[in-house]
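Engineer: This is the content of final-v9.tsv (TSV, C-alpha atoms):
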chain	number	residue	atom	x	y	z
F	24	MET	CA	5.98	-19.93	2.44
F	25	ARG	CA	2.24	-19.31	2.09
F	26	LEU	CA	0.58	-16.28	0.51
F	27	ILE	CA	-2.90	-15.56	1.83
F	28	LEU	CA	-5.16	-13.60	-0.51
F	29	SER	CA	-8.34	-11.77	0.42
F	30	PHE	CA	-10.15	-8.92	-1.28
F	31	ILE	CA	-12.71	-6.16	-1.06
F	32	VAL	CA	-14.00	-4.54	-4.20
F	33	GLY	CA	-16.09	-1.41	-4.44
F	34	THR	CA	-16.54	1.67	-6.55
F	35	VAL	CA	-15.44	5.25	-6.75
F	36	ALA	CA	-16.80	8.26	-8.54
F	37	CYS	CA	-16.21	8.45	-12.25
F	38	GLY	CA	-14.16	11.54	-13.04
F	39	GLY	CA	-13.45	14.48	-10.74
F	40	GLY	CA	-11.44	14.28	-7.51
F	41	THR	CA	-10.46	11.06	-5.81
F	42	PRO	CA	-12.51	10.25	-2.70
F	43	GLU	CA	-11.07	8.70	0.41
F	44	PRO	CA	-11.78	4.96	0.57
F	45	GLN	CA	-13.81	5.25	3.76
F	46	HIS	CA	-16.13	7.91	2.36
F	47	VAL	CA	-17.36	6.39	-0.89
F	48	ASP	CA	-20.74	7.76	-1.97
F	49	THR	CA	-22.92	5.06	-3.46
F	50	ALA	CA	-25.71	7.30	-4.74
F	51	PRO	CA	-26.21	7.39	-8.52
F	52	THR	CA	-26.33	10.61	-10.47
F	53	ALA	CA	-29.39	11.75	-12.34
F	54	THR	CA	-27.42	12.67	-15.47
F	55	ALA	CA	-28.57	11.29	-18.82
F	56	THR	CA	-26.78	11.44	-22.15
F	57	ALA	CA	-29.12	11.86	-25.13
F	58	THR	CA	-28.33	10.12	-28.42
F	59	THR	CA	-29.79	10.50	-31.90
F	60	SER	CA	-31.12	7.00	-32.46
F	61	HIS	CA	-31.29	5.49	-29.00
F	62	ALA	CA	-33.07	6.11	-25.74
F	63	PRO	CA	-31.22	8.22	-23.16
F	64	VAL	CA	-28.25	6.41	-21.63
F	65	PHE	CA	-28.15	6.81	-17.87
F	66	ARG	CA	-24.72	6.57	-16.20
F	67	GLN	CA	-24.27	5.80	-12.56
F	68	GLU	CA	-21.83	7.95	-10.63
F	69	LEU	CA	-20.27	4.72	-9.38
F	70	GLY	CA	-19.14	1.87	-11.56
F	71	SER	CA	-19.43	-1.81	-10.73
F	72	ILE	CA	-16.84	-4.53	-11.23
F	73	ASP	CA	-17.09	-8.31	-11.33
F	74	ASP	CA	-15.95	-9.51	-7.91
F	75	ARG	CA	-15.18	-13.05	-9.03
F	76	ALA	CA	-13.19	-11.86	-12.04
F	77	VAL	CA	-11.15	-9.55	-9.79
F	78	SER	CA	-10.47	-12.47	-7.45
F	79	ASN	CA	-9.33	-14.60	-10.37
F	80	THR	CA	-6.99	-11.87	-11.58
F	81	PHE	CA	-5.38	-11.58	-8.16
F	82	GLN	CA	-5.01	-15.34	-8.03
F	83	ASP	CA	-3.29	-15.29	-11.41
F	84	LEU	CA	-0.86	-12.68	-10.06
F	85	SER	CA	-0.09	-14.55	-6.82
F	86	SER	CA	3.13	-16.12	-8.11
F	87	GLN	CA	4.41	-12.66	-9.06
F	88	PHE	CA	3.64	-11.31	-5.59
F	89	GLU	CA	5.47	-14.26	-4.05
F	90	ALA	CA	8.44	-13.52	-6.29
F	91	CYS	CA	8.56	-9.99	-4.86
F	92	GLN	CA	8.79	-11.40	-1.35
F	93	LYS	CA	11.39	-13.98	-2.33
F	94	SER	CA	13.55	-11.21	-3.73
F	95	GLY	CA	13.19	-9.29	-0.47
F	96	LEU	CA	14.02	-12.38	1.58
F	97	ARG	CA	17.48	-12.45	0.05
F	98	HIS	CA	18.25	-9.23	1.93
F	99	ILE	CA	15.85	-9.55	4.87
F	100	PRO	CA	15.50	-13.26	5.75
F	101	TYR	CA	12.69	-12.60	8.25
F	102	LEU	CA	10.59	-10.43	5.89
F	103	SER	CA	6.87	-11.00	6.48
F	104	GLY	CA	3.64	-9.16	7.15
F	105	ARG	CA	0.35	-7.97	5.73
F	106	VAL	CA	-0.11	-5.50	2.87
F	107	LYS	CA	-3.39	-3.81	1.92
F	108	PHE	CA	-3.67	-2.10	-1.46
F	109	PHE	CA	-6.12	0.56	-2.62
F	110	MET	CA	-6.56	0.67	-6.38
F	111	ARG	CA	-8.64	2.51	-8.94
F	112	VAL	CA	-9.52	0.64	-12.15
F	113	GLY	CA	-10.64	2.58	-15.21
F	114	GLU	CA	-13.44	1.57	-17.54
F	115	ASP	CA	-10.81	0.19	-19.94
F	116	GLY	CA	-9.66	-2.33	-17.32
F	117	LYS	CA	-6.37	-0.53	-16.73
F	118	THR	CA	-5.07	0.55	-13.33
F	119	LYS	CA	-5.36	4.34	-13.00
F	120	TRP	CA	-3.46	4.45	-9.73
F	121	THR	CA	-2.71	2.35	-6.70
F	122	TYR	CA	-1.08	2.79	-3.31
F	123	ILE	CA	-0.52	0.89	-0.08
F	124	GLU	CA	-2.94	1.97	2.62
F	125	GLU	CA	-1.83	-0.49	5.30
F	126	SER	CA	1.31	-2.58	5.68
F	127	THR	CA	3.39	-4.40	8.27
F	128	LEU	CA	5.77	-5.84	5.68
F	129	GLY	CA	8.49	-3.25	6.23
F	130	ASP	CA	10.36	-3.08	2.94
F	131	PHE	CA	9.84	-0.36	0.33
F	132	ASP	CA	11.47	-2.32	-2.51
F	133	THR	CA	9.19	-5.32	-1.97
F	134	GLU	CA	6.10	-3.15	-1.66
F	135	LYS	CA	7.05	-1.20	-4.81
F	136	CYS	CA	7.52	-4.48	-6.67
F	137	MET	CA	3.92	-5.41	-5.84
F	138	LEU	CA	2.57	-2.00	-6.83
F	139	ASP	CA	4.29	-2.35	-10.21
F	140	ILE	CA	2.50	-5.67	-10.73
F	141	LEU	CA	-0.88	-4.10	-9.98
F	142	GLU	CA	-0.21	-1.16	-12.28
F	143	ALA	CA	0.68	-3.43	-15.20
F	144	ALA	CA	-2.20	-5.88	-14.77
F	145	ASN	CA	-5.35	-6.08	-16.89
F	146	TRP	CA	-8.56	-6.08	-14.85
F	147	PRO	CA	-12.19	-6.86	-15.65
F	148	LYS	CA	-13.75	-3.76	-17.16
F	149	PRO	CA	-16.02	-1.89	-14.74
F	150	ILE	CA	-19.52	-0.94	-15.87
F	151	GLY	CA	-20.77	2.61	-15.42
F	152	GLY	CA	-17.59	4.25	-14.18
F	153	ASP	CA	-14.25	3.63	-12.53
F	154	ALA	CA	-14.08	0.97	-9.82
F	155	GLN	CA	-12.34	0.81	-6.48
F	156	VAL	CA	-10.54	-2.35	-5.39
F	157	GLN	CA	-9.02	-3.01	-1.96
F	158	ARG	CA	-6.93	-6.08	-1.43
F	159	ASP	CA	-5.09	-7.79	1.43
F	160	LEU	CA	-2.01	-9.95	0.96
F	161	THR	CA	-0.42	-11.73	3.92
F	162	PHE	CA	3.10	-13.11	3.62
F	163	ASP	CA	4.20	-15.83	6.01
F	164	PRO	CA	7.62	-15.46	7.66
F	165	GLY	CA	9.07	-18.76	6.51
F	166	GLU	CA	11.57	-20.59	8.71
F	167	ALA	CA	13.74	-17.63	9.74
F	168	ARG	CA	13.68	-16.52	13.35
F	169	GLN	CA	11.43	-13.48	13.62
F	170	PRO	CA	12.77	-10.13	14.90
F	171	ALA	CA	11.85	-8.78	18.31
F	172	ASP	CA	8.61	-6.79	18.32
F	173	TRP	CA	9.38	-3.23	19.43
F	174	PRO	CA	6.73	-0.78	20.65
F	175	ALA	CA	6.62	2.62	18.90
F	176	ASP	CA	7.85	4.48	21.97
F	177	LYS	CA	11.17	2.63	21.65
F	178	VAL	CA	12.12	4.94	18.75
F	179	ALA	CA	10.12	8.08	19.64
F	180	ALA	CA	13.07	10.03	21.04
F	181	THR	CA	15.26	9.18	18.04
F	182	LEU	CA	12.57	10.25	15.57
F	183	GLY	CA	12.17	13.52	17.44
F	184	LYS	CA	15.81	14.37	16.70
F	185	HIS	CA	15.11	14.00	12.97
F	186	LYS	CA	11.75	15.74	12.94
F	187	LYS	CA	12.80	18.49	10.51
F	188	ASP	CA	13.99	16.04	7.87
F	189	ILE	CA	10.86	13.92	8.22
F	190	ASP	CA	8.53	16.95	8.17
F	191	LYS	CA	9.96	18.01	4.80
F	192	CYS	CA	8.52	14.81	3.37
F	193	LEU	CA	5.16	15.24	5.08
F	194	GLU	CA	4.48	18.88	4.16
F	195	PRO	CA	3.45	18.29	0.50
F	196	ALA	CA	0.72	15.90	1.70
F	197	ALA	CA	-0.44	17.65	4.84
F	198	ASN	CA	-3.80	15.83	4.99
F	199	ALA	CA	-2.34	12.35	4.57
F	200	LYS	CA	-1.33	10.07	7.40
F	201	PHE	CA	1.54	7.61	7.19
F	202	ASN	CA	2.37	4.41	8.99
F	203	VAL	CA	5.96	3.15	8.95
F	204	THR	CA	7.34	-0.32	9.60
F	205	ALA	CA	11.11	-0.68	9.94
F	206	TYR	CA	13.65	-3.41	10.68
F	207	VAL	CA	16.55	-2.46	12.95
F	208	GLU	CA	19.68	-4.59	13.21
F	209	PRO	CA	22.54	-4.37	15.74
F	210	HIS	CA	25.38	-2.18	14.51
F	211	GLY	CA	28.05	-1.69	17.14
F	212	LYS	CA	26.54	0.17	20.08
F	213	GLU	CA	23.65	1.45	17.95
F	214	GLY	CA	20.93	0.10	15.71
F	215	ARG	CA	20.98	0.33	11.92
F	216	VAL	CA	17.81	0.60	9.83
F	217	VAL	CA	18.05	-2.12	7.18
F	218	ALA	CA	14.61	-1.75	5.62
F	219	VAL	CA	11.62	0.58	5.78
F	220	GLY	CA	8.09	0.27	4.42
F	221	VAL	CA	5.49	3.04	4.41
F	222	ALA	CA	1.70	2.97	4.04
F	223	THR	CA	-0.40	6.08	3.47
F	224	SER	CA	-4.03	7.00	4.12
F	225	SER	CA	-4.61	8.59	0.70
F	226	LYS	CA	-3.51	8.80	-2.92
F	227	GLU	CA	-2.05	12.25	-2.23
F	228	GLY	CA	0.41	10.73	0.23
F	229	ALA	CA	1.77	8.13	-2.19
F	230	PRO	CA	4.37	10.41	-3.86
F	231	GLN	CA	5.93	11.13	-0.46
F	232	VAL	CA	6.55	7.51	0.52
F	233	LYS	CA	10.01	7.30	-1.07
F	234	CYS	CA	11.03	10.57	0.60
F	235	ILE	CA	10.08	9.15	4.01
F	236	VAL	CA	12.00	5.95	3.35
F	237	ASP	CA	15.11	7.91	2.33
F	238	ALA	CA	14.83	10.14	5.41
F	239	LEU	CA	14.61	7.19	7.81
F	240	LYS	CA	17.19	4.79	6.37
F	241	PRO	CA	20.24	6.78	7.66
F	242	VAL	CA	18.78	7.29	11.15
F	243	LYS	CA	20.78	5.68	13.96
F	244	MET	CA	18.31	3.80	16.12
F	245	PRO	CA	18.72	2.35	19.61
F	246	SER	CA	20.52	-0.98	19.62
F	247	PRO	CA	18.18	-3.99	19.50
F	248	GLY	CA	20.76	-6.06	21.33
F	249	GLY	CA	21.84	-9.38	19.86
F	250	TYR	CA	19.10	-9.80	17.25
F	251	PRO	CA	17.09	-7.51	14.87
F	252	ALA	CA	13.91	-5.77	15.90
F	253	LYS	CA	10.78	-4.74	14.01
F	254	VAL	CA	8.88	-1.58	14.87
F	255	SER	CA	5.84	0.24	13.50
F	256	PHE	CA	4.87	3.87	14.16
F	257	GLY	CA	2.71	6.62	12.74
F	258	LEU	CA	3.73	9.94	11.19
Spell out the structure here as structure tokens.
Structural biologist:
Amino acid sequence: MRLILSFIVGTVACGGGTPEPQHVDTAPTATATATTSHAPVFRQELGSIDDRAVSNTFQDLSSQFEACQKSGLRHIPYLSGRVKFFMRVGEDGKTKWTYIEESTLGDFDTEKCMLDILEAANWPKPIGGDAQVQRDLTFDPGEARQPADWPADKVAATLGKHKKDIDKCLEPAANAKFNVTAYVEPHGKEGRVVAVGVATSSKEGAPQVKCIVDALKPVKMPSPGGYPAKVSFGL
């Protein structure tokens, strides 16, 4: 099994609301803080973080990320995919918040395990404000036979029957978008959802991820035939 690490680091505004990752403003503020015995201290609106130190921290955590996947493999032997995290690091080097903005892994428990690792980690301290970090992790499938790749329209009719239950999860984060990856195994004449993973477009959508997972797990899907299937779709 091979874990591929790549990263993007950037910055976000210090204080105030949380911007979307794709709309980060890089302009500095003109605010100065006067002191009694020193020259004015100018603070940038955006902090900066040591890229190499961030890379080293992720590398140090790689064995923990692999352990998350190994735990998931005990229940889903074909578990694999790519996960992209969005994280905000405070000036003290602590994680303020993090969420999964893209994923094809397809297992909430495994993804949550990785988020817990990021939240507990110590990061290089940003200078001048909080910092934004985006990170990709790719998990190889191992030796297990991979599930069939289903198109989203394969489950569209089934999801439509459960729209009310799903919408209850989406309403508190009306501006967020969600992407779901699920594994479906044969279960008699139907298909049974054995695992679900959810990525969200914003921090505001993160609290609703568990609700979406719980709403989808009991859904009876079409039968994948003789072997499991993997499907991704947007909400």
Engineer: Using Å and a single decimal, report how far CA of Thr133 in chain F sits from CA of His210 in chain F.
Structural biologist: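 Going from CA of His210 in chain F over to CA of Thr133 in chain F, I get 23.3 Å.
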Engineer: Any idea what the distance is between CA of Val77 in chain F and CA of Glu142 in chain F?
Structural biologist: 14.0 Å
Engineer: List the neighbours of range 205-209 of chain F out to 6 Å using all atoms listed in the file; skip same-chain residues closer than 2 positions along the sequence, and give me the result as a ChimeraX atom specification.
Structural biologist: /F:129,214-219,246-247,251-254
Engineer: Emit the selected residues as a PDB file, in the frame of the given file, including C-alpha atoms.
Structural biologist:
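Result saved to result-v1.pdb:
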ATOM      1  CA  GLY F 129       8.490  -3.250   6.230  1.00  0.00           C
ATOM      2  CA  GLY F 214      20.930   0.100  15.710  1.00  0.00           C
ATOM      3  CA  ARG F 215      20.980   0.330  11.920  1.00  0.00           C
ATOM      4  CA  VAL F 216      17.810   0.600   9.830  1.00  0.00           C
ATOM      5  CA  VAL F 217      18.050  -2.120   7.180  1.00  0.00           C
ATOM      6  CA  ALA F 218      14.610  -1.750   5.620  1.00  0.00           C
ATOM      7  CA  VAL F 219      11.620   0.580   5.780  1.00  0.00           C
ATOM      8  CA  SER F 246      20.520  -0.980  19.620  1.00  0.00           C
ATOM      9  CA  PRO F 247      18.180  -3.990  19.500  1.00  0.00           C
ATOM     10  CA  PRO F 251      17.090  -7.510  14.870  1.00  0.00           C
ATOM     11  CA  ALA F 252      13.910  -5.770  15.900  1.00  0.00           C
ATOM     12  CA  LYS F 253      10.780  -4.740  14.010  1.00  0.00           C
ATOM     13  CA  VAL F 254       8.880  -1.580  14.870  1.00  0.00           C
TER      14      VAL F 254
END
Engineer: To one decimal place in Å, what is the distance between CA of Asp73 in chain F and CA of Lys135 in chain F?
Structural biologist: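 Distance reported for this atom pair: 26.0 Å.
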Engineer: Give the answer as one residue: which of F:Gly220, F:Gly113, F:Gly70, F:Gly248 has the shortest atom-to-atom distance to Trp146 in chain F, using all atoms listed in the file?
Structural biologist: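 Going through F:Gly220, F:Gly113, F:Gly70, F:Gly248 one by one, the smallest distance to Trp146 in chain F is for F:Gly113.
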Engineer: Calculated over all atoms listed in the file, which of the candidates F:Thr181, F:Thr121, F:Thr161, F:Thr204 has the smallest distance to Glu227 in chain F?
Structural biologist: F:Thr121
Engineer: So, with all atoms listed in the file as the atoms that count, which of F:Pro164, F:Gly116, F:Gly152, F:Pro147 lies closest to Gly104 in chain F?
Structural biologist: F:Pro164
Engineer: Let me make sure I understand: among F:Ile189, F:Glu89, F:Asp159, F:Phe131, which one has the smallest atom-to-atom distance to Lys233 in chain F if we use all atoms listed in the file?
Structural biologist: F:Phe131
Engineer: When you count all atoms listed in the file, which of these residues is closest to Ala179 in chain F: F:Leu258, F:Ile140, F:Cys192, F:Cys234?
Structural biologist: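 Selected residue with least distance to Ala179 in chain F: F:Leu258.
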Engineer: May I have the protein, DNA and RNA residues with any atom at most 10 Å from the point (-1.0, 13.3, 1.6), counting all atoms listed in the file, written as a tab-separated table (two decimals) with C-alpha atoms, in the coordinates of the input?
Structural biologist:
chain	number	residue	atom	x	y	z
F	192	CYS	CA	8.52	14.81	3.37
F	193	LEU	CA	5.16	15.24	5.08
F	194	GLU	CA	4.48	18.88	4.16
F	195	PRO	CA	3.45	18.29	0.50
F	196	ALA	CA	0.72	15.90	1.70
F	197	ALA	CA	-0.44	17.65	4.84
F	198	ASN	CA	-3.80	15.83	4.99
F	199	ALA	CA	-2.34	12.35	4.57
F	200	LYS	CA	-1.33	10.07	7.40
F	201	PHE	CA	1.54	7.61	7.19
F	223	THR	CA	-0.40	6.08	3.47
F	224	SER	CA	-4.03	7.00	4.12
F	225	SER	CA	-4.61	8.59	0.70
F	226	LYS	CA	-3.51	8.80	-2.92
F	227	GLU	CA	-2.05	12.25	-2.23
F	228	GLY	CA	0.41	10.73	0.23
F	229	ALA	CA	1.77	8.13	-2.19
F	230	PRO	CA	4.37	10.41	-3.86
F	231	GLN	CA	5.93	11.13	-0.46
F	232	VAL	CA	6.55	7.51	0.52
Engineer: Box for range 159-178 of chain F: with edges along x, y and z, all listed atoms inside and 4 Å added on each side, what are the centre and edge lengths in Å to one decimal, as JSON?
Structural biologist:
{"center_x": 4.3, "center_y": -7.8, "center_z": 11.5, "size_x": 26.8, "size_y": 33.5, "size_z": 29.0}
Engineer: Could you check which of F:Ile72, F:Leu128, F:Val236, F:Leu102 is closest to Arg168 in chain F, using only C-alpha atoms?
Structural biologist: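 Using only C-alpha atoms, Arg168 in chain F sits closest to F:Leu102.
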